[in-house]
Amino acid sequence: MINMSLRQKLKEAYYNNKCIEFFLGPVKNLYDFYRYNLITDEYFTKIEFKRNFGYDLDLNNPRTLNEKIQWLKLKERTKLQTICADKIAVRDYVTIKVGKEILIPIYKQIENINDLNTNNVPNEPFIIKTNHDSGSYKIIKDKNNVDWSFIRSYFVKALKNNFYNKTKEWQYKNIEPKIFLEKLLISKTGGSPDDYKFHCFNGKVEFISIDRHRGTEKHTRNWYDKNWNIAEFYWSSINQVGKETLPSKIQIPPPPNLMKMIKIANKLSEDFKYVRVDLYLINNDIFFGELTFHHDSGFRPIIPSIWDLKLGNLIQL
């Protein structure tokens with residue numbers, strides 16, 4: 001089994017090296033056609049699950065949280081999930097549920113890829129995002145110091161991606177791809193803001209993770225219960241620089257408006273058996289990030305593994 005860090009490095013080499021992409025492209029295309037078109041969602045999911053956990057997925061009797069996420073991925077597919085996975089359409093859902101005050105301002109939606117240029121974007125820092133997948137974005141702090149040709153090429157490729165194909169998370173399948181420019185949230189120190197992820201079961205927050213220093217070697221993710229006691233587990237993950245994101249040894253105090261954030265997360269999650277509600281905090285102002293129905297697609301171990309089973313008991317299928 002290739003470890004996740006090596007897999008990430010291989011992917012980066014493929015997409016960032018034209019020679020490698022040229023020679024391996026046909027092989028990758030054949031493999032992708034097989035994965036995405038010739039095998040069923042269930043078979044794909046079982047293969048990936050065993051590759052990541054080392055044992056067979058039993059969809060007839062799922063017990064752990066990761067097993068139940070696979071069941072939900074394959075069996076619970078609703079139009080509302082598609083709306084909420086769409087980073088533009090979800091804004092209406094958030095407005096109805098808790099009000100528009102927590103929405104990050106959108107500067108504009110890009111209709112023509114050629115509109116991504118110096119003359120057609122804001123003067124202040126912003127982030128370019130796609131609405132239909134996960135991880136396709138570019139942070140722009142100085143529009144005059146950007147290779148806009150590269151940016152346009154990047155998003156031409158991103159618009160062609162269907163994230164459903166990669167993970168079989170159905171909610172992404174039918175989203176119409178779009179590009180939009182969103183205000184960049186910046187912390188007091190000039191970096192990315194703390195990212196609070198509220199894991200909700202049956203409309204109630206049960207545990208919380210907080211990401212700090214995203215996109216850097218210092219990226220950490222601490223885990224707490226809903227009362228901000230240190231959790232006895234962590235959900236492993238591989239970050240943007242290809243390393244495992246571990247809890248920090250420095251314990252983080254609860255945000256001053258934790259109860260308000262929990263109330264928002266409870267309201268946004270009340271229509272679903274399990275969903276992760278991402279919120280940001282800037283100067284005590286709360287901003288909505290996204291709703292995620294299958295954390296890391298249910299393919300990352302919870303450590304120690306007994307907690308995968310304990311947390312799975314919170315979901316009644």
# chains A, B, ... in the order shown; residues from 1 in each chain; ligands from 1

call {"tool": "residues_around", "arguments": {"residues": "segment 285-290 of chain A", "least_positions_apart": "4", "cutoff": "7 Å", "atoms": "only C-alpha atoms", "output": "VMD selection string"}}
result
chain A and resid 87 102 to 104 277 to 281

call {"tool": "write_last_selection", "arguments": {"atoms": "N, CA and C atoms", "output": "compact mmCIF listing (two decimals), in the first residue's frame"}}
result
# COMPACT_ATOMS: atom_id res chain seq x y z
N LYS A 87 -21.11 25.51 -3.23
CA LYS A 87 -20.64 26.62 -2.39
C LYS A 87 -21.35 27.95 -2.65
N ILE A 102 -23.58 35.73 8.55
CA ILE A 102 -22.36 34.92 8.69
C ILE A 102 -21.75 34.53 7.34
N LEU A 103 -22.34 34.99 6.25
CA LEU A 103 -21.82 34.66 4.93
C LEU A 103 -20.61 35.53 4.58
N ILE A 104 -19.58 34.91 4.02
CA ILE A 104 -18.42 35.66 3.55
C ILE A 104 -18.82 36.38 2.26
N VAL A 277 -20.02 21.04 10.02
CA VAL A 277 -20.28 22.46 9.76
C VAL A 277 -19.00 23.23 10.05
N ASP A 278 -18.46 23.89 9.02
CA ASP A 278 -17.21 24.64 9.16
C ASP A 278 -17.51 26.12 9.36
N LEU A 279 -16.93 26.68 10.43
CA LEU A 279 -17.11 28.10 10.75
C LEU A 279 -15.74 28.73 11.01
N TYR A 280 -15.60 30.00 10.62
CA TYR A 280 -14.39 30.76 10.90
C TYR A 280 -14.70 31.83 11.93
N LEU A 281 -13.64 32.28 12.61
CA LEU A 281 -13.79 33.33 13.61
C LEU A 281 -12.76 34.41 13.36

call {"tool": "residues_around", "arguments": {"residues": "segment 154-169 of chain A", "least_positions_apart": "6", "cutoff": "9 Å", "atoms": "only C-alpha atoms", "output": "VMD selection string"}}
result
chain A and resid 32 35 to 37 41 to 42 44 to 45 48 73 to 74 77 113 129 to 130 132 to 134 136 to 137 175 177 to 179 293 to 294 297

call {"tool": "residues_around", "arguments": {"residues": "segment 205-222 of chain A", "least_positions_apart": "5", "cutoff": "10 Å", "atoms": "only C-alpha atoms", "output": "ChimeraX atom specification"}}
result
/A:191-200,227-231,233-237,239-252,261-267,269,274-280,311,314

call {"tool": "atom_distance", "arguments": {"atom1": "atom CA of Asn119 of chain A", "atom2": "atom CA of Ile106 of chain A"}}
result
17.4 Å
